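J.: So here's work26.csv (CSV, C-alpha atoms (C1' of nucleotides)).
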chain,number,residue,atom,x,y,z
A,1,MET,CA,10.4,33.5,3.9
A,2,ASN,CA,7.1,33.2,2.0
A,3,ILE,CA,4.0,32.1,3.7
A,4,GLY,CA,4.5,28.5,2.6
A,5,ASP,CA,7.9,28.3,4.2
A,6,ILE,CA,6.7,29.7,7.5
A,7,ALA,CA,3.7,27.4,7.4
A,8,LYS,CA,6.0,24.4,7.2
A,9,ALA,CA,8.2,25.8,9.9
A,10,THR,CA,5.4,26.4,12.4
A,11,GLY,CA,2.9,23.7,11.5
A,12,ILE,CA,0.2,26.3,11.0
A,13,THR,CA,-1.4,26.2,7.6
A,14,ALA,CA,-1.0,29.2,5.2
A,15,LYS,CA,-4.7,29.5,5.4
A,16,MET,CA,-4.8,29.9,9.1
A,17,ILE,CA,-1.9,32.4,9.0
A,18,ARG,CA,-3.8,34.6,6.7
A,19,TYR,CA,-6.8,34.2,9.0
A,20,TYR,CA,-4.9,35.2,12.0
A,21,GLU,CA,-3.7,38.3,10.1
A,22,ASP,CA,-7.2,39.1,9.0
A,23,THR,CA,-8.6,38.9,12.5
A,24,GLY,CA,-5.8,40.9,14.0
A,25,LEU,CA,-4.1,38.2,16.1
A,26,ILE,CA,-0.9,38.8,14.3
A,27,ARG,CA,0.3,41.9,12.6
A,28,PRO,CA,0.1,42.2,8.8
A,29,ALA,CA,3.2,40.7,7.2
A,30,MET,CA,5.5,42.8,5.0
A,31,ARG,CA,4.8,42.4,1.3
A,32,THR,CA,7.0,42.1,-1.8
A,33,LEU,CA,6.3,44.5,-4.7
A,34,SER,CA,4.1,41.8,-6.3
A,35,GLY,CA,2.1,41.3,-3.1
A,36,TYR,CA,3.6,38.2,-1.6
A,37,ARG,CA,3.8,38.1,2.1
A,38,VAL,CA,7.3,38.0,3.5
A,39,TYR,CA,8.2,36.8,7.0
A,40,SER,CA,11.2,37.5,9.2
A,41,ASP,CA,12.7,35.4,12.0
A,42,ASN,CA,10.8,37.6,14.4
A,43,ASP,CA,7.5,36.6,12.7
A,44,LEU,CA,8.6,33.0,12.9
A,45,GLN,CA,9.0,33.3,16.6
A,46,THR,CA,5.6,34.9,17.0
A,47,LEU,CA,3.9,32.3,15.0
A,48,ARG,CA,5.6,29.5,17.0
A,49,PHE,CA,4.3,31.1,20.1
A,50,VAL,CA,0.8,31.1,18.6
A,51,ARG,CA,1.2,27.5,17.6
A,52,ARG,CA,2.2,26.4,21.1
A,53,SER,CA,-0.5,28.4,22.7
A,54,ARG,CA,-3.0,26.9,20.4
A,55,ASP,CA,-1.8,23.4,21.2
A,56,LEU,CA,-2.5,24.2,24.8
A,57,GLY,CA,-6.1,25.0,24.0
A,58,PHE,CA,-6.0,28.7,24.5
A,59,THR,CA,-8.7,30.7,22.6
A,60,VAL,CA,-7.6,33.2,20.1
A,61,LYS,CA,-8.5,36.0,22.6
A,62,GLN,CA,-6.3,34.4,25.2
A,63,ILE,CA,-3.5,34.0,22.8
A,64,ASP,CA,-3.9,37.7,21.9
A,65,ASP,CA,-3.5,38.6,25.6
A,66,LEU,CA,-0.6,36.3,26.0
A,67,LEU,CA,1.2,37.7,23.0
A,68,THR,CA,0.7,41.2,24.4
A,69,LEU,CA,2.3,40.1,27.7
A,70,TRP,CA,5.0,38.3,25.9
A,71,ARG,CA,6.0,41.5,24.1
A,72,ASP,CA,5.7,43.6,27.2
A,73,ARG,CA,9.0,43.6,29.0
A,74,SER,CA,7.5,45.2,32.1
A,75,ARG,CA,4.7,42.6,32.5
A,76,ALA,CA,3.9,41.0,35.8
A,77,SER,CA,4.2,37.2,35.8
A,78,ALA,CA,1.1,37.1,37.9
A,79,ASP,CA,-0.9,38.2,34.9
A,80,VAL,CA,0.4,35.4,32.9
A,81,LYS,CA,-0.2,32.9,35.6
A,82,GLU,CA,-3.7,34.1,36.1
A,83,ILE,CA,-4.5,33.5,32.4
A,84,ALA,CA,-2.9,30.1,32.5
A,85,LEU,CA,-4.7,28.9,35.7
A,86,GLY,CA,-8.0,30.4,34.5
A,87,HIS,CA,-7.6,28.3,31.4
A,88,VAL,CA,-6.8,25.2,33.5
A,89,ALA,CA,-10.0,25.8,35.4
A,90,MET,CA,-11.9,25.8,32.2
A,91,LEU,CA,-10.2,22.7,30.9
A,92,GLU,CA,-11.1,20.9,34.1
A,93,LYS,CA,-14.6,22.0,33.9
A,94,LYS,CA,-14.8,20.6,30.4
A,95,MET,CA,-13.2,17.4,31.5
A,96,GLN,CA,-15.7,17.0,34.2
A,97,GLU,CA,-18.5,17.5,31.8
A,98,LEU,CA,-17.1,14.9,29.4
A,99,LYS,CA,-16.5,12.5,32.4
A,100,ASP,CA,-20.1,12.8,33.5
A,101,MET,CA,-21.3,12.0,30.0
A,102,SER,CA,-18.9,9.1,29.7
A,103,ASP,CA,-19.8,7.7,33.1
A,104,THR,CA,-23.5,7.8,32.3
A,105,LEU,CA,-23.0,6.1,29.0
A,106,LEU,CA,-20.7,3.4,30.5
A,107,HIS,CA,-23.3,2.8,33.2
A,108,LEU,CA,-26.1,2.3,30.6
A,109,ALA,CA,-23.9,0.3,28.3
A,110,SER,CA,-22.9,-2.0,31.1
A,111,HIS,CA,-26.5,-3.1,31.3
A,112,CYS,CA,-26.9,-3.6,27.6
A,113,GLN,CA,-26.6,-7.1,26.3
A,114,GLY,CA,-25.2,-5.9,23.0
A,115,ASN,CA,-26.7,-8.8,21.0
A,116,ASP,CA,-29.3,-9.4,18.3
A,117,ARG,CA,-32.2,-8.7,20.6
A,118,PRO,CA,-33.9,-5.3,20.5
A,119,ASP,CA,-34.1,-4.8,24.3
A,120,CYS,CA,-31.7,-2.0,25.1
A,121,PRO,CA,-31.4,0.0,28.4
A,122,ILE,CA,-29.6,2.7,26.6
A,123,LEU,CA,-32.4,3.5,24.2
A,124,LYS,CA,-34.9,2.9,27.0
A,125,ASN,CA,-33.2,5.5,29.1
A,126,LEU,CA,-32.9,8.0,26.3
A,127,GLY,CA,-36.6,7.7,25.6
A,128,SER,CA,-37.7,7.8,29.2
A,129,THR,CA,-38.9,10.8,31.2
A,130,GLU,CA,-36.4,10.4,34.0
A,131,PRO,CA,-33.4,12.6,34.4
A,132,VAL,CA,-30.7,11.5,32.1
A,133,ALA,CA,-28.0,10.4,34.6
A,134,PRO,CA,-29.1,7.7,37.1
A,135,LEU,CA,-25.6,7.0,38.2
A,136,PRO,CA,-24.6,4.4,40.7
A,137,LYS,CA,-23.8,6.0,44.1
A,138,THR,CA,-20.4,4.3,44.4
A,139,ARG,CA,-17.6,6.9,44.4
A,140,ASP,CA,-14.2,6.6,42.7
A,141,ARG,CA,-15.4,3.8,40.6
A,142,ARG,CA,-12.5,3.0,38.2
A,143,LYS,CA,-13.5,4.1,34.7
A,144,THR,CA,-11.6,1.3,33.2
A,145,ARG,CA,-13.4,-1.4,35.1
A,146,ALA,CA,-16.7,0.2,34.2
A,147,PHE,CA,-15.6,0.2,30.6
A,148,ASP,CA,-14.5,-3.4,30.7
A,149,ARG,CA,-17.8,-4.4,32.2
A,150,ALA,CA,-19.6,-2.4,29.5
A,151,ARG,CA,-17.9,-4.2,26.6
B,1,MET,CA,-48.9,22.1,21.5
B,2,ASN,CA,-47.3,25.0,19.8
B,3,ILE,CA,-43.5,25.2,19.4
B,4,GLY,CA,-43.1,27.4,22.4
B,5,ASP,CA,-44.9,24.9,24.6
B,6,ILE,CA,-42.8,22.0,23.5
B,7,ALA,CA,-39.7,24.1,23.8
B,8,LYS,CA,-40.5,24.7,27.4
B,9,ALA,CA,-41.3,21.0,27.9
B,10,THR,CA,-38.1,19.7,26.4
B,11,GLY,CA,-35.6,22.5,27.2
B,12,ILE,CA,-34.7,22.8,23.5
B,13,THR,CA,-35.2,26.3,22.2
B,14,ALA,CA,-37.8,26.9,19.5
B,15,LYS,CA,-34.9,28.0,17.3
B,16,MET,CA,-33.2,24.7,17.6
B,17,ILE,CA,-36.4,22.7,17.0
B,18,ARG,CA,-36.9,24.5,13.7
B,19,TYR,CA,-33.2,23.9,12.9
B,20,TYR,CA,-33.5,20.2,13.7
B,21,GLU,CA,-36.5,20.1,11.4
B,22,ASP,CA,-34.7,22.0,8.6
B,23,THR,CA,-31.7,19.7,8.7
B,24,GLY,CA,-33.9,16.6,8.8
B,25,LEU,CA,-33.1,15.3,12.3
B,26,ILE,CA,-36.8,15.4,13.1
B,27,ARG,CA,-39.7,15.1,10.8
B,28,PRO,CA,-41.6,18.2,9.8
B,29,ALA,CA,-44.3,19.1,12.3
B,30,MET,CA,-48.0,19.3,11.4
B,31,ARG,CA,-49.2,22.7,10.7
B,32,THR,CA,-52.4,24.6,11.5
B,33,LEU,CA,-54.2,26.4,8.7
B,34,SER,CA,-52.4,29.5,9.6
B,35,GLY,CA,-49.0,27.8,9.4
B,36,TYR,CA,-48.2,27.3,13.1
B,37,ARG,CA,-46.4,24.1,13.9
B,38,VAL,CA,-48.4,21.7,16.1
B,39,TYR,CA,-46.8,19.0,18.2
B,40,SER,CA,-48.2,15.7,19.5
B,41,ASP,CA,-47.2,13.7,22.5
B,42,ASN,CA,-45.3,11.5,20.2
B,43,ASP,CA,-43.3,14.5,19.0
B,44,LEU,CA,-42.7,15.4,22.6
B,45,GLN,CA,-41.2,12.0,23.3
B,46,THR,CA,-39.0,12.3,20.2
B,47,LEU,CA,-37.7,15.7,21.2
B,48,ARG,CA,-37.0,14.5,24.7
B,49,PHE,CA,-35.0,11.7,23.3
B,50,VAL,CA,-33.0,14.3,21.2
B,51,ARG,CA,-32.5,16.4,24.3
B,52,ARG,CA,-31.1,13.6,26.4
B,53,SER,CA,-28.8,12.4,23.6
B,54,ARG,CA,-27.6,15.9,23.1
B,55,ASP,CA,-26.9,16.2,26.8
B,56,LEU,CA,-24.7,13.1,26.5
B,57,GLY,CA,-22.7,14.8,23.8
B,58,PHE,CA,-23.8,12.9,20.8
B,59,THR,CA,-23.4,14.6,17.5
B,60,VAL,CA,-26.5,15.3,15.4
B,61,LYS,CA,-25.5,12.5,13.1
B,62,GLN,CA,-25.3,10.1,16.0
B,63,ILE,CA,-28.6,11.2,17.3
B,64,ASP,CA,-30.1,10.6,13.9
B,65,ASP,CA,-28.7,7.0,14.0
B,66,LEU,CA,-30.0,6.5,17.5
B,67,LEU,CA,-33.4,7.8,16.6
B,68,THR,CA,-33.6,5.4,13.7
B,69,LEU,CA,-32.7,2.5,16.0
B,70,TRP,CA,-35.1,3.7,18.6
B,71,ARG,CA,-38.0,3.6,16.1
B,72,ASP,CA,-36.9,0.2,14.7
B,73,ARG,CA,-38.5,-2.5,16.8
B,74,SER,CA,-36.3,-5.1,15.2
B,75,ARG,CA,-33.0,-3.4,16.0
B,76,ALA,CA,-30.1,-5.2,17.6
B,77,SER,CA,-29.0,-3.8,20.9
B,78,ALA,CA,-25.5,-4.5,19.7
B,79,ASP,CA,-25.8,-1.6,17.2
B,80,VAL,CA,-26.9,0.8,20.0
B,81,LYS,CA,-24.1,-0.3,22.2
B,82,GLU,CA,-21.6,0.1,19.5
B,83,ILE,CA,-22.6,3.7,19.0
B,84,ALA,CA,-22.6,4.4,22.7
B,85,LEU,CA,-19.1,2.9,23.3
B,86,GLY,CA,-17.7,4.5,20.2
B,87,HIS,CA,-18.9,7.8,21.6
B,88,VAL,CA,-17.4,7.0,24.9
B,89,ALA,CA,-14.0,6.3,23.2
B,90,MET,CA,-14.2,9.7,21.6
B,91,LEU,CA,-15.1,11.4,24.9
B,92,GLU,CA,-12.1,9.7,26.5
B,93,LYS,CA,-9.8,10.8,23.7
B,94,LYS,CA,-10.9,14.4,24.2
B,95,MET,CA,-10.5,14.1,27.9
B,96,GLN,CA,-7.0,12.9,27.5
B,97,GLU,CA,-6.2,15.8,25.2
B,98,LEU,CA,-7.6,18.2,27.7
B,99,LYS,CA,-5.7,16.5,30.5
B,100,ASP,CA,-2.4,16.7,28.6
B,101,MET,CA,-2.9,20.4,28.1
B,102,SER,CA,-3.9,20.9,31.7
B,103,ASP,CA,-0.9,19.0,33.0
B,104,THR,CA,1.5,20.9,30.9
B,105,LEU,CA,0.0,24.2,32.0
B,106,LEU,CA,0.0,23.2,35.7
B,107,HIS,CA,3.6,22.1,35.4
B,108,LEU,CA,4.6,25.5,33.9
B,109,ALA,CA,2.5,27.5,36.3
B,110,SER,CA,4.0,25.7,39.3
B,111,HIS,CA,7.4,27.2,38.3
B,112,CYS,CA,6.0,30.7,37.8
B,113,GLN,CA,6.3,33.1,40.8
B,114,GLY,CA,3.1,34.9,39.9
B,115,ASN,CA,4.3,38.2,41.2
B,116,ASP,CA,5.2,41.7,39.8
B,117,ARG,CA,8.4,40.6,38.1
B,118,PRO,CA,8.4,39.9,34.4
B,119,ASP,CA,10.2,36.6,34.5
B,120,CYS,CA,7.8,33.9,33.6
B,121,PRO,CA,8.5,30.3,32.7
B,122,ILE,CA,5.1,30.0,31.0
B,123,LEU,CA,5.9,32.7,28.5
B,124,LYS,CA,9.4,31.5,28.2
B,125,ASN,CA,8.2,28.0,27.3
B,126,LEU,CA,5.6,29.3,24.8
B,127,GLY,CA,8.3,31.4,23.1
B,128,SER,CA,10.9,28.7,23.0
B,129,THR,CA,11.8,26.2,20.2
B,130,GLU,CA,11.4,23.1,22.4
B,131,PRO,CA,8.5,20.8,22.1
B,132,VAL,CA,5.6,22.2,24.1
B,133,ALA,CA,5.2,19.6,26.8
B,134,PRO,CA,8.3,19.0,28.9
B,135,LEU,CA,6.3,17.1,31.5
B,136,PRO,CA,7.8,15.5,34.6
B,137,LYS,CA,8.3,11.8,34.3
B,138,THR,CA,6.4,11.0,37.5
B,139,ARG,CA,3.3,8.9,36.7
B,140,ASP,CA,-0.1,9.2,38.4
B,141,ARG,CA,0.7,12.6,39.7
B,142,ARG,CA,-2.4,13.8,41.5
B,143,LYS,CA,-3.8,16.7,39.5
B,144,THR,CA,-5.0,18.5,42.6
B,145,ARG,CA,-1.6,18.5,44.2
B,146,ALA,CA,0.0,19.9,41.1
B,147,PHE,CA,-2.7,22.5,41.0
B,148,ASP,CA,-2.1,23.5,44.6
B,149,ARG,CA,1.6,23.8,43.9
B,150,ALA,CA,0.8,26.0,40.9
B,151,ARG,CA,-1.2,28.4,42.8
C,1,DG,C1',-65.5,45.3,17.1
C,2,DC,C1',-60.9,46.8,18.1
C,3,DT,C1',-56.6,47.1,20.5
C,4,DT,C1',-52.8,45.0,22.7
C,5,DG,C1',-49.4,41.8,23.9
C,6,DA,C1',-47.7,37.4,23.4
C,7,DC,C1',-46.8,34.2,20.3
C,8,DC,C1',-45.8,32.5,15.7
C,9,DT,C1',-43.7,32.6,10.8
C,10,DT,C1',-39.5,33.1,7.5
C,11,DC,C1',-35.2,35.1,6.5
C,12,DC,C1',-30.6,36.9,7.2
C,13,DC,C1',-26.5,37.5,10.1
C,14,DA,C1',-23.0,36.2,13.6
C,15,DC,C1',-20.0,33.4,16.3
C,16,DC,C1',-15.2,30.3,15.8
C,17,DT,C1',-11.7,27.7,13.5
C,18,DT,C1',-10.7,25.1,9.8
C,19,DG,C1',-10.7,23.3,5.2
C,20,DG,C1',-11.9,23.3,0.1
C,21,DG,C1',-11.7,25.3,-4.1
C,22,DA,C1',-11.9,28.8,-8.1
C,23,DA,C1',-9.7,32.3,-10.8
C,24,DG,C1',-5.9,34.7,-11.7
C,25,DG,C1',-0.9,36.6,-10.9
C,26,DC,C1',4.4,35.4,-9.8
C,27,DG,C1',9.0,33.2,-9.7
C,28,DC,C1',12.1,30.2,-11.3
C,29,DA,C1',14.2,26.3,-13.7
C,30,DC,C1',14.7,24.3,-18.1
D,1,DG,C1',8.7,31.1,-23.4
D,2,DT,C1',6.7,27.3,-21.3
D,3,DG,C1',5.4,24.8,-17.4
D,4,DC,C1',4.9,24.0,-12.6
D,5,DG,C1',4.5,25.3,-8.0
D,6,DC,C1',3.7,28.9,-5.3
D,7,DC,C1',1.2,33.1,-4.2
D,8,DT,C1',-3.0,36.3,-4.1
D,9,DT,C1',-8.1,37.3,-3.0
D,10,DC,C1',-12.7,35.7,-2.7
D,11,DC,C1',-16.6,32.6,-1.7
D,12,DC,C1',-18.6,28.5,0.6
D,13,DA,C1',-18.9,24.9,4.1
D,14,DA,C1',-19.2,22.9,8.6
D,15,DG,C1',-21.6,22.5,13.7
D,16,DG,C1',-24.8,24.3,16.9
D,17,DT,C1',-26.4,28.2,18.7
D,18,DG,C1',-28.1,32.9,19.4
D,19,DG,C1',-29.9,37.6,17.8
D,20,DG,C1',-33.0,40.2,15.4
D,21,DA,C1',-36.1,42.2,11.8
D,22,DA,C1',-40.5,42.2,9.4
D,23,DG,C1',-44.8,40.6,9.3
D,24,DG,C1',-48.9,37.3,10.5
D,25,DT,C1',-52.1,35.1,14.3
D,26,DC,C1',-54.4,34.3,18.6
D,27,DA,C1',-56.8,35.3,22.7
D,28,DA,C1',-58.0,38.4,26.3
D,29,DG,C1',-60.0,42.6,27.8
D,30,DC,C1',-62.6,46.7,27.0
The structure given in the file should be rewritten as structure tokens.

T.:
Amino acid sequence: MNIGDIAKATGITAKMIRYYEDTGLIRPAMRTLSGYRVYSDNDLQTLRFVRRSRDLGFTVKQIDDLLTLWRDRSRASADVKEIALGHVAMLEKKMQELKDMSDTLLHLASHCQGNDRPDCPILKNLGSTEPVAPLPKTRDRRKTRAFDRAR
Amino acid sequence: MNIGDIAKATGITAKMIRYYEDTGLIRPAMRTLSGYRVYSDNDLQTLRFVRRSRDLGFTVKQIDDLLTLWRDRSRASADVKEIALGHVAMLEKKMQELKDMSDTLLHLASHCQGNDRPDCPILKNLGSTEPVAPLPKTRDRRKTRAFDRAR
DNA sequence: GCTTGACCTTCCCACCTTGGGAAGGCGCAC
DNA sequence: GTGCGCCTTCCCAAGGTGGGAAGGTCAAGC
């Protein structure tokens, strides 16, 4: 298989495959006499693994660690689980950050008329000296309701 | 005020302030005879606006648009609201993506023993040919419960 | 007046992942 | 043997941030 074939098969662009090789995530591919990269079924499996890991949001470093464990028949599943749950924790932290931003914006937008007039609590808040997130105290406010009110 | 003072006052590093000036987000600061940048209270306000917008996850381009509206006394609040809600939509899309990743990982991790043995459904899934997210059909599954089960 | 230390200036490099594109070499079908 | 699609390497770009070098400036203290 040439790089184009394996790119189609894995959904990773040829460019990225070369990049992963350059940066050491995957091992250098075999070459034909004329210099073309050639891939085996084994390589295909590896790249599929990379693809799936990437889809789950793992960093290249984490994928590297996972690949190492994957190839290590004497691995402990605890090590894999630790990476996975550590990553989940990071994902949740990010989600929380995004949610805080979103909540603040929805709160501000819900007070904005959204008409031809210039008065706008969103701009007012951004330009003020107060801390950026004067959120309502209510807990578990349903995001969708807030969003509807904001529209 | 020198750049260091305004950096402290806004929480934006001097480096980033110069970068924002270079890229045209903010207008070039006045200079002393010796070339030091000098900032007015007006500049301070602008940079605070930038800081807050950044904290809310707006891109530089969006902050640019918001700044323009901020300075335009004849703006329509609808334009501001549109930017804000558009950004909220993007934030929610990202959150959903992160949530899908997190859910998949929690599901896989909940089936992983996490011990000294090598058997690991996480690796098995990453290395398989199946689509990456074989999620349970149950809806509204509480994330925290899934997380506890995964541990 | 001179030294010192904190600050300022510009300029270059790096991160990470991805895409775009140029210039040139191969492989194969007609 | 010509043409087209693929391959090769190499450079550039993004966004947003940090690091650091080399050199100029300011103010305080002696």

J.: Give me the residues within 9 Å of range 82-96 of chain A as an MDAnalysis selection string, counting all atoms listed in the file and dropping any in the same chain fewer than 6 places off.

T.: (chainID A and resid 57:58 62 65:66) or (chainID B and resid 94:96 98:99 101:103 105:106 108:109 114 122 147 150:151)

J.: Could you work out how far CA of Met1 in chain B lies from CA of Val38 in chain B, giving the answer in Å with one decimal?

T.: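 These two atoms are separated by 5.4 Å.
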
J.: Show me, as a list in words, the residues that have an atom within 12 Å of Arg27 in chain A when counting all atoms listed in the file, minus same-chain residues fewer than 2 positions from it.

T.: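 Residues near the query, excluding close chain neighbours: Ile17, Arg18, Tyr19, Tyr20, Glu21, Asp22, Thr23, Gly24, Leu25, Ala29, Met30, Arg37, Tyr39, Asn42, Asp43, Thr46, Leu47, Asp64, Leu67 and Thr68 of chain A.
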
J.: Any idea what's packed within 9 Å of range 7-20 of chain C, counting all atoms listed in the file, ignoring anything in its chain fewer than 6 positions away? Could you give it as JSON, numbers by chain?

T.: {"A": [15, 16], "B": [2, 3, 4, 35, 36, 37], "D": [12, 13, 14, 17, 18, 19, 20, 21, 23, 24, 25, 26]}

J.: Pull C-alpha atoms (C1' of nucleotides) from the residues just selected and write them as an mmCIF file, in the coordinates of the input.

T.:
data_model
loop_
_atom_site.group_PDB
_atom_site.id
_atom_site.type_symbol
_atom_site.label_atom_id
_atom_site.label_comp_id
_atom_site.auth_asym_id
_atom_site.auth_seq_id
_atom_site.Cartn_x
_atom_site.Cartn_y
_atom_site.Cartn_z
ATOM 1 C CA LYS A 15 -4.700 29.500 5.400
ATOM 2 C CA MET A 16 -4.800 29.900 9.100
ATOM 3 C CA ASN B 2 -47.300 25.000 19.800
ATOM 4 C CA ILE B 3 -43.500 25.200 19.400
ATOM 5 C CA GLY B 4 -43.100 27.400 22.400
ATOM 6 C CA GLY B 35 -49.000 27.800 9.400
ATOM 7 C CA TYR B 36 -48.200 27.300 13.100
ATOM 8 C CA ARG B 37 -46.400 24.100 13.900
ATOM 9 C "C1'" DC D 12 -18.600 28.500 0.600
ATOM 10 C "C1'" DA D 13 -18.900 24.900 4.100
ATOM 11 C "C1'" DA D 14 -19.200 22.900 8.600
ATOM 12 C "C1'" DT D 17 -26.400 28.200 18.700
ATOM 13 C "C1'" DG D 18 -28.100 32.900 19.400
ATOM 14 C "C1'" DG D 19 -29.900 37.600 17.800
ATOM 15 C "C1'" DG D 20 -33.000 40.200 15.400
ATOM 16 C "C1'" DA D 21 -36.100 42.200 11.800
ATOM 17 C "C1'" DG D 23 -44.800 40.600 9.300
ATOM 18 C "C1'" DG D 24 -48.900 37.300 10.500
ATOM 19 C "C1'" DT D 25 -52.100 35.100 14.300
ATOM 20 C "C1'" DC D 26 -54.400 34.300 18.600
#

J.: Give me, as a PyMOL selection string, all polymer residues having an atom no more than 12 Å from Asp119 in chain A, counting only C-alpha atoms (C1' of nucleotides) and skipping those fewer than 4 positions away in the same chain.

T.: (chain A and resi 111-115+123-125) or (chain B and resi 69-70+72-81)

J.: Ranking D:DA28, D:DG16, D:DG1, D:DC7 by minimum distance to chain B and counting all atoms listed in the file, which one comes first?

T.: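 With all atoms listed in the file as the atom set, the closest residue is D:DG16.
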
J.: Record the distance separating CA of Asp5 in chain A and C1' of DT9 in chain D, expressed in Å with one decimal.

T.: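 If I compute the distance from CA of Asp5 in chain A to C1' of DT9 in chain D, I get 19.7 Å.
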
J.: Rounded to one decimal place, report the CA of Arg48 in chain B-CA of Thr129 in chain A distance in Å.

T.: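 Between these atoms lies a distance of 7.7 Å.
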
J.: If I only have part of range 33-45 of chain A, can you fill in N, CA and C atoms and write it as a compact mmCIF listing (two decimals), in the frame of the given file?

T.:
# COMPACT_ATOMS: atom_id res chain seq x y z
N LEU A 33 6.96 43.55 -3.77
CA LEU A 33 6.30 44.50 -4.70
C LEU A 33 5.11 43.78 -5.38
N SER A 34 5.23 42.49 -5.58
CA SER A 34 4.10 41.80 -6.30
C SER A 34 3.05 41.32 -5.33
N GLY A 35 3.21 41.63 -4.03
CA GLY A 35 2.10 41.30 -3.10
C GLY A 35 2.31 40.08 -2.27
N TYR A 36 3.37 39.35 -2.45
CA TYR A 36 3.60 38.20 -1.60
C TYR A 36 3.93 38.58 -0.20
N ARG A 37 3.41 37.83 0.75
CA ARG A 37 3.80 38.10 2.10
C ARG A 37 5.19 37.57 2.41
N VAL A 38 5.93 38.37 3.19
CA VAL A 38 7.30 38.00 3.50
C VAL A 38 7.46 37.97 5.04
N TYR A 39 8.08 36.93 5.56
CA TYR A 39 8.20 36.80 7.00
C TYR A 39 9.64 36.79 7.50
N SER A 40 9.83 37.46 8.63
CA SER A 40 11.20 37.50 9.20
C SER A 40 11.29 36.46 10.33
N ASP A 41 12.48 36.36 10.89
CA ASP A 41 12.70 35.40 12.00
C ASP A 41 11.83 35.81 13.18
N ASN A 42 11.61 37.10 13.32
CA ASN A 42 10.80 37.60 14.40
C ASN A 42 9.33 37.06 14.24
N ASP A 43 8.85 37.15 13.02
CA ASP A 43 7.50 36.60 12.70
C ASP A 43 7.44 35.14 13.01
N LEU A 44 8.52 34.48 12.67
CA LEU A 44 8.60 33.00 12.90
C LEU A 44 8.40 32.73 14.38
N GLN A 45 9.13 33.49 15.20
CA GLN A 45 9.00 33.30 16.60
C GLN A 45 7.60 33.53 17.14
